[in-house]
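*Asks:* Have a look at this one.
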Amino acid sequence: MILLVIIVVVLALAIYFIAKLINKSTNKKLKPIFSIVLWIVTILFSYLIYQSIQAPIEFDKLKEKRFQTAVNKMLDIKAAQLAYKTIHGKYTDNLDSLITFIENENFTIVERKDTSVIDVEKNRAYGLSVDANGTGGYFKDIVVINQLGKVSIKDSLFKGSDRYKNLNIVKVGDIETKITLKAGYIERDDLKIPVFEAKLNKASLLSDQDPSLVAKEKKVVSVEGINGEYILLGSLEEVSMSGNWPKKYGNNE
């Protein structure tokens with residue numbers, strides 16, 4: 001906005017002084033030259049004004065496309081980490097290990113059934129028995145789990161895609177930005193709860209753009225924007241699987 005104001009002021013002054021020169025000039029041969037110069041200056045500054053208005057608009061469009069790519073990668077990491085925790089009971093801080101896990105591990109498919117069986121111990125304690133018709137005595141409810149088979153995590157989460165092989169990198173054109181991954185535990189009521197955090201530097205993802213616009217983006221505070229310097233998933237300070245992006249980019253819960 002400041003740049004736009006400067007350009008408008010300079011343009012107004014330039015046009016004013018050139019117009020004064022044209023009016024004061026007694027040499028008719030110079031007047032067409034001054035007029036041409038005035039038109040050139042007007043067109044030049046008009047273009048600069050247009051660019052100063054259009055540049056932030058184009059930046060926002062490009063930024064949103066790149067952020068969407070980054071958020072999609074974060075959502076893949078989230079799905080993979082949840083699968084890892086299901087198998088190993090914790091999260092990993094090593095993206096290479098996560099990739100190896102996706103390629104080699106399987107989900108076990110189980111069937112759970114609720115049923116009732118004779119409570120032998122309770123019946124014995126009370127001297128009761130169950131007759132041939134299944135009446136009399138005590139029964140207890142149990143859950144019967146049957147293993148039906150296995151399915152690879154790669155097929156379950158990524159359905160034939162190999163995008164999981166680059167979970168640690170967001171690539172847009174010639175720009176490559178690494179995602180850092182940390183994992184640990186939070187202690188709550190004598191329990192150690194696993195947590196993790198994935199983080200990507202916004203400035204690195206926009207490193208080929210106008211530094212002033214990037215600097216402004218790093219300080220953004222908006223309901224519709226990704227606040228702060230990083231795109232974040234999870235937390236090492238609290239039990240959370242949330243992302244810091246608005247829902248227009250994808251599920252942030």
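Going through the structure tokens in order, the chains are called A, B, and so on, while each chain numbers its residues from 1 and the ligands are numbered from 1 in the order shown.
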Report as a PyMOL selection string: the residues of range 165-253 of chain A with a DSSP assignment of alpha helix (DSSP H), based on the backbone of this structure.

*Replies:* chain A and resi 202-205+211-218

*Asks:* What is the CA of Glu197 in chain A to CA of Phe59 in chain A distance in Å?

*Replies:* 27.8 Å

*Asks:* Leaving out Ile193 in chain A and any residue of its chain fewer than 3 positions from it, which residues lie within 12 Å of it when counting only C-alpha atoms, given as a list of chain:residue names?

*Replies:* A:Lys85, A:Gly89, A:Lys90, A:Tyr91, A:Ala183, A:Gly184, A:Tyr185, A:Ile186, A:Glu187, A:Arg188, A:Asp189, A:Asp190, A:Phe196, A:Ser235, A:Leu236, A:Glu237, A:Glu238, A:Val239, A:Ser240

*Asks:* So, counting only C-alpha atoms, which residue among A:Lys192, A:Arg112, A:Lys202, A:Lys159 is closest to Thr69 in chain A?

*Replies:* A:Lys202

*Asks:* So which residues touch Gly228 in chain A within 10 Å, counting only C-alpha atoms, skipping near sequence neighbours fewer than 5 positions away, as an MDAnalysis selection string?

*Replies:* chainID A and resid 201:202 217:222 244

*Asks:* May I have all residues of range 29-207 of chain A that DSSP, computed from the backbone, assigns to strand (DSSP E or B), given as a PyMOL selection string?

*Replies:* chain A and resi 106-118+139-152+169-172+175-178+180-188+191-201

*Asks:* Would you list the contacts of Leu213 in chain A as a list in words, taking every protein, DNA or RNA residue within 10 Å and counting only C-alpha atoms, but skipping same-chain residues closer than 3 positions in sequence?

*Replies:*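 Returned residues: Ala55, Pro56, Phe59, Asp60, Ala203, Leu206, Gln209, Asp210, Lys216, Glu217 and Lys218 of chain A.
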
*Asks:* I need the residue nearest Glu105 in chain A from this list: A:Asn251, A:Asn72, A:Ser152, A:Thr86. Use only C-alpha atoms for the distance.

*Replies:*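 Looking at the shortest contact to Glu105 in chain A, the residue is A:Ser152.
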
*Asks:* Counting only C-alpha atoms, figure out which residue out of A:Thr42, A:Ser116, A:Val71, A:Ile57 gets nearest to Gly250 in chain A.

*Replies:* A:Val71

*Asks:* Let me make sure I understand: among A:Trp245, A:Thr177, A:Lys154, A:Tyr84, which one has the smallest atom-to-atom distance to Asn227 in chain A if we use only C-alpha atoms?

*Replies:* A:Trp245

*Asks:* Excluding Glu103 in chain A and its own-chain neighbours fewer than 5 positions away, which residues fall within 12 Å of it when counting only C-alpha atoms? Please give them as a list of chain:residue names.

*Replies:*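 Near neighbours after the sequence-gap exclusion: A:Ala80, A:Tyr84, A:Asp96, A:Ser97, A:Leu98, A:Val151, A:Ser152, A:Ile153, A:Lys154, A:Asp155, A:Ser156, A:Leu157, A:Phe158, A:Gly160, A:Ser161, A:Asp162, A:Arg163, A:Tyr164, A:Lys165.
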